[in-house]
Amino acid sequence: MSTISPDLNTVVKAQVEAAIHAATVAAEGAERFAELQLRTVKETFEDGVKSVKALAAVKEPSELQALSTKLWQPSVDKATAYARELYENLSATQAEIAKLIESQVADLNKQAVVALDAVVKSAPAGSEAAVAAVKQAFGTANQAYESFVKSFQGFSNLAEAAAPTSRKKAA
C-alpha cells in the first residue's frame, strides 16, 4: 500500500482551500447581484405604481407635461445608480478573483521551482537536455501566465473606462 507524500498532501489541501475561497468569492458576488436585482425590481414596481396613480390624477393636458418631466429625471438617476452599483460589485468580485489567481500562480511557481531543483539535483549524468527542456517549458508557462495577467488587467482597464459617467461626475 502506497502512502501520499506529505508534500503532495499539503499541495492538495492548499488547492482545495483555494477552490473553496474562489467559490465563496463567486457566491458572494452572485448574492450582491441578486440583492441589487431584487431591490431594483421592488423600487421599479413602487415607482411604476406611483407614476400610474399620478397619471390617473391628471386633469389638464398642461399637467401631463410637468408630470412627465417630474417622473423622468428620478428614473434616469435610479438607472445611473443601478449601473454604478452593478459596476462596483463586478469590480470588487473581479479584483478578488484576480488576487486569488495571482496568489495561486505565485504558489505554483514556488512549488515548481522547488520540484525542478530536486529533479536537477537527482538527475543522472547526461540528462542535461531533458532538464533544459523542463526549464524551457516552465519559462513558457510563466510567459503565458504573464500574458493572461496583462489581458485580465486590460479587461479591467476597459471596464473602468466604460464606467458610468455619473460615477466620475459624482467623485
# chains A, B, ... in the order shown; residues from 1 in each chain; ligands from 1
$ residues_around --residues "segment 106-121 of chain A" --least-positions-apart "5" --cutoff "9 Å" --atoms "only C-alpha atoms" --output "list in words"
Val11, Ile101, Ser127, Glu128, Val131, Val134, Lys135, Phe138 and Asn142 of chain A
$ write_last_selection --atoms "N, CA and C atoms" --output "mmCIF file, in the first residue's frame"
data_model
loop_
_atom_site.group_PDB
_atom_site.id
_atom_site.type_symbol
_atom_site.label_atom_id
_atom_site.label_comp_id
_atom_site.auth_asym_id
_atom_site.auth_seq_id
_atom_site.Cartn_x
_atom_site.Cartn_y
_atom_site.Cartn_z
ATOM 1 N N VAL A 11 -0.037 20.246 -0.877
ATOM 2 C CA VAL A 11 -0.443 20.898 -2.124
ATOM 3 C C VAL A 11 -1.932 20.690 -2.379
ATOM 4 N N ILE A 101 -6.019 34.466 -8.146
ATOM 5 C CA ILE A 101 -5.261 33.853 -9.243
ATOM 6 C C ILE A 101 -3.778 34.165 -9.095
ATOM 7 N N SER A 127 21.522 13.880 -18.619
ATOM 8 C CA SER A 127 20.119 14.295 -18.751
ATOM 9 C C SER A 127 19.971 15.817 -18.817
ATOM 10 N N GLU A 128 21.059 16.485 -19.135
ATOM 11 C CA GLU A 128 21.028 17.953 -19.180
ATOM 12 C C GLU A 128 20.007 18.458 -20.193
ATOM 13 N N VAL A 131 16.531 18.272 -18.662
ATOM 14 C CA VAL A 131 16.383 19.305 -17.643
ATOM 15 C C VAL A 131 16.200 20.670 -18.314
ATOM 16 N N VAL A 134 12.669 20.985 -19.568
ATOM 17 C CA VAL A 134 11.729 21.255 -18.482
ATOM 18 C C VAL A 134 11.821 22.720 -18.058
ATOM 19 N N LYS A 135 13.035 23.237 -17.964
ATOM 20 C CA LYS A 135 13.202 24.647 -17.608
ATOM 21 C C LYS A 135 12.571 25.548 -18.666
ATOM 22 N N PHE A 138 8.852 25.483 -18.281
ATOM 23 C CA PHE A 138 8.491 26.296 -17.127
ATOM 24 C C PHE A 138 8.513 27.781 -17.483
ATOM 25 N N ASN A 142 5.354 30.466 -17.524
ATOM 26 C CA ASN A 142 5.376 31.775 -16.846
ATOM 27 C C ASN A 142 5.035 32.907 -17.807
#
$ residues_around --residues "Ala19 of chain A" --least-positions-apart "6" --cutoff "12 Å" --atoms "only C-alpha atoms" --output "mmCIF file with N, CA and C atoms, in the first residue's frame"
data_model
loop_
_atom_site.group_PDB
_atom_site.id
_atom_site.type_symbol
_atom_site.label_atom_id
_atom_site.label_comp_id
_atom_site.auth_asym_id
_atom_site.auth_seq_id
_atom_site.Cartn_x
_atom_site.Cartn_y
_atom_site.Cartn_z
ATOM 1 N N VAL A 12 -2.402 19.461 -2.179
ATOM 2 C CA VAL A 12 -3.815 19.164 -2.398
ATOM 3 C C VAL A 12 -4.687 19.972 -1.444
ATOM 4 N N LYS A 13 -4.295 20.036 -0.185
ATOM 5 C CA LYS A 13 -5.058 20.820 0.789
ATOM 6 C C LYS A 13 -5.098 22.290 0.394
ATOM 7 N N VAL A 25 -16.005 33.574 -3.079
ATOM 8 C CA VAL A 25 -15.967 34.894 -3.730
ATOM 9 C C VAL A 25 -17.053 34.972 -4.799
ATOM 10 N N ALA A 26 -17.175 33.935 -5.609
ATOM 11 C CA ALA A 26 -18.198 33.925 -6.660
ATOM 12 C C ALA A 26 -19.601 33.951 -6.065
ATOM 13 N N ILE A 97 -10.974 37.900 -7.364
ATOM 14 C CA ILE A 97 -10.589 36.723 -8.154
ATOM 15 C C ILE A 97 -9.189 36.913 -8.735
ATOM 16 N N LEU A 100 -6.720 36.236 -6.066
ATOM 17 C CA LEU A 100 -6.643 34.800 -5.817
ATOM 18 C C LEU A 100 -5.805 34.109 -6.887
ATOM 19 N N ILE A 101 -6.019 34.466 -8.146
ATOM 20 C CA ILE A 101 -5.261 33.853 -9.243
ATOM 21 C C ILE A 101 -3.778 34.165 -9.095
ATOM 22 N N GLN A 104 -2.349 32.052 -6.351
ATOM 23 C CA GLN A 104 -2.235 30.650 -6.758
ATOM 24 C C GLN A 104 -1.039 30.439 -7.689
#
$ residues_around --residues "Glu43 of chain A" --least-positions-apart "5" --cutoff "12 Å" --atoms "only C-alpha atoms" --output "tab-separated table (two decimals) with N, CA and C atoms, in the first residue's frame"
chain	number	residue	atom	x	y	z
A	36	LEU	N	-29.14	43.30	-5.42
A	36	LEU	CA	-29.31	44.51	-6.23
A	36	LEU	C	-30.50	44.35	-7.18
A	37	GLN	N	-30.60	43.21	-7.81
A	37	GLN	CA	-31.71	42.96	-8.74
A	37	GLN	C	-33.05	43.02	-8.01
A	38	LEU	N	-33.15	42.36	-6.88
A	38	LEU	CA	-34.40	42.33	-6.12
A	38	LEU	C	-34.79	43.73	-5.65
A	48	GLY	N	-43.47	52.60	-10.47
A	48	GLY	CA	-44.49	52.43	-11.51
A	48	GLY	C	-45.88	52.67	-10.96
A	49	VAL	N	-46.15	52.14	-9.78
A	49	VAL	CA	-47.46	52.34	-9.15
A	49	VAL	C	-47.68	53.83	-8.89
A	50	LYS	N	-46.68	54.51	-8.35
A	50	LYS	CA	-46.80	55.94	-8.09
A	50	LYS	C	-47.03	56.72	-9.40
A	74	PRO	N	-36.03	61.27	-12.00
A	74	PRO	CA	-35.69	60.26	-10.99
A	74	PRO	C	-35.41	58.88	-11.61
A	75	SER	N	-36.09	58.55	-12.69
A	75	SER	CA	-35.84	57.27	-13.36
A	75	SER	C	-34.44	57.21	-13.93
A	78	LYS	N	-32.00	56.84	-11.02
A	78	LYS	CA	-32.01	55.48	-10.47
A	78	LYS	C	-31.32	54.50	-11.41
A	79	ALA	N	-31.51	54.66	-12.69
A	79	ALA	CA	-30.83	53.78	-13.65
A	79	ALA	C	-29.32	53.98	-13.58
A	82	TYR	N	-28.08	52.35	-10.42
A	82	TYR	CA	-28.06	50.89	-10.61
A	82	TYR	C	-26.81	50.48	-11.38
$ residues_around --residues "Leu67 of chain A" --least-positions-apart "5" --cutoff "9 Å" --atoms "only C-alpha atoms" --output "PyMOL selection string"
chain A and resi 51+54-55+58+62+72
$ atom_distance --atom1 "atom CA of Tyr87 of chain A" --atom2 "atom CA of Tyr145 of chain A"
26.0 Å
$ decode --residues "segment 53-77 of chain A" --atoms "N, CA and C atoms" --output "compact mmCIF listing (two decimals), in the first residue's frame"
# COMPACT_ATOMS: atom_id res chain seq x y z
N LYS A 53 -50.63 56.19 -10.64
CA LYS A 53 -51.55 56.97 -9.81
C LYS A 53 -51.46 58.45 -10.16
N ALA A 54 -50.24 58.93 -10.35
CA ALA A 54 -50.07 60.35 -10.70
C ALA A 54 -50.67 60.65 -12.07
N LEU A 55 -50.48 59.74 -13.03
CA LEU A 55 -51.06 59.94 -14.36
C LEU A 55 -52.59 59.90 -14.31
N ALA A 56 -53.12 59.05 -13.47
CA ALA A 56 -54.58 58.95 -13.35
C ALA A 56 -55.18 60.21 -12.73
N ALA A 57 -54.38 60.92 -11.95
CA ALA A 57 -54.88 62.13 -11.30
C ALA A 57 -54.78 63.37 -12.19
N VAL A 58 -54.16 63.25 -13.37
CA VAL A 58 -54.01 64.40 -14.27
C VAL A 58 -55.37 64.81 -14.81
N LYS A 59 -55.63 66.13 -14.76
CA LYS A 59 -56.92 66.64 -15.23
C LYS A 59 -56.74 67.57 -16.42
N GLU A 60 -55.60 68.18 -16.53
CA GLU A 60 -55.33 69.14 -17.61
C GLU A 60 -54.14 68.66 -18.44
N PRO A 61 -54.14 68.85 -19.75
CA PRO A 61 -53.01 68.48 -20.60
C PRO A 61 -51.70 69.14 -20.17
N SER A 62 -51.77 70.34 -19.67
CA SER A 62 -50.55 71.03 -19.23
C SER A 62 -49.91 70.33 -18.03
N GLU A 63 -50.71 69.71 -17.22
CA GLU A 63 -50.19 68.96 -16.07
C GLU A 63 -49.41 67.73 -16.53
N LEU A 64 -49.82 67.18 -17.65
CA LEU A 64 -49.16 65.99 -18.19
C LEU A 64 -47.70 66.28 -18.52
N GLN A 65 -47.43 67.41 -19.14
CA GLN A 65 -46.06 67.79 -19.48
C GLN A 65 -45.21 67.94 -18.22
N ALA A 66 -45.71 68.64 -17.24
CA ALA A 66 -44.98 68.84 -15.99
C ALA A 66 -44.75 67.51 -15.28
N LEU A 67 -45.76 66.66 -15.31
CA LEU A 67 -45.64 65.36 -14.64
C LEU A 67 -44.61 64.48 -15.33
N SER A 68 -44.59 64.47 -16.65
CA SER A 68 -43.63 63.61 -17.35
C SER A 68 -42.20 64.03 -17.04
N THR A 69 -41.96 65.32 -16.95
CA THR A 69 -40.63 65.81 -16.58
C THR A 69 -40.30 65.40 -15.15
N LYS A 70 -41.28 65.51 -14.28
CA LYS A 70 -41.08 65.16 -12.87
C LYS A 70 -40.78 63.67 -12.71
N LEU A 71 -41.41 62.82 -13.51
CA LEU A 71 -41.22 61.37 -13.40
C LEU A 71 -39.95 60.90 -14.12
N TRP A 72 -39.55 61.59 -15.14
CA TRP A 72 -38.44 61.15 -15.97
C TRP A 72 -37.09 61.23 -15.25
N GLN A 73 -36.78 62.35 -14.63
CA GLN A 73 -35.46 62.57 -14.03
C GLN A 73 -35.14 61.55 -12.93
N PRO A 74 -36.03 61.27 -12.00
CA PRO A 74 -35.69 60.26 -10.99
C PRO A 74 -35.41 58.88 -11.61
N SER A 75 -36.09 58.55 -12.69
CA SER A 75 -35.84 57.27 -13.36
C SER A 75 -34.44 57.21 -13.93
N VAL A 76 -34.01 58.28 -14.52
CA VAL A 76 -32.65 58.34 -15.07
C VAL A 76 -31.63 58.24 -13.94
N ASP A 77 -31.86 58.96 -12.86
CA ASP A 77 -30.95 58.91 -11.72
C ASP A 77 -30.87 57.50 -11.12
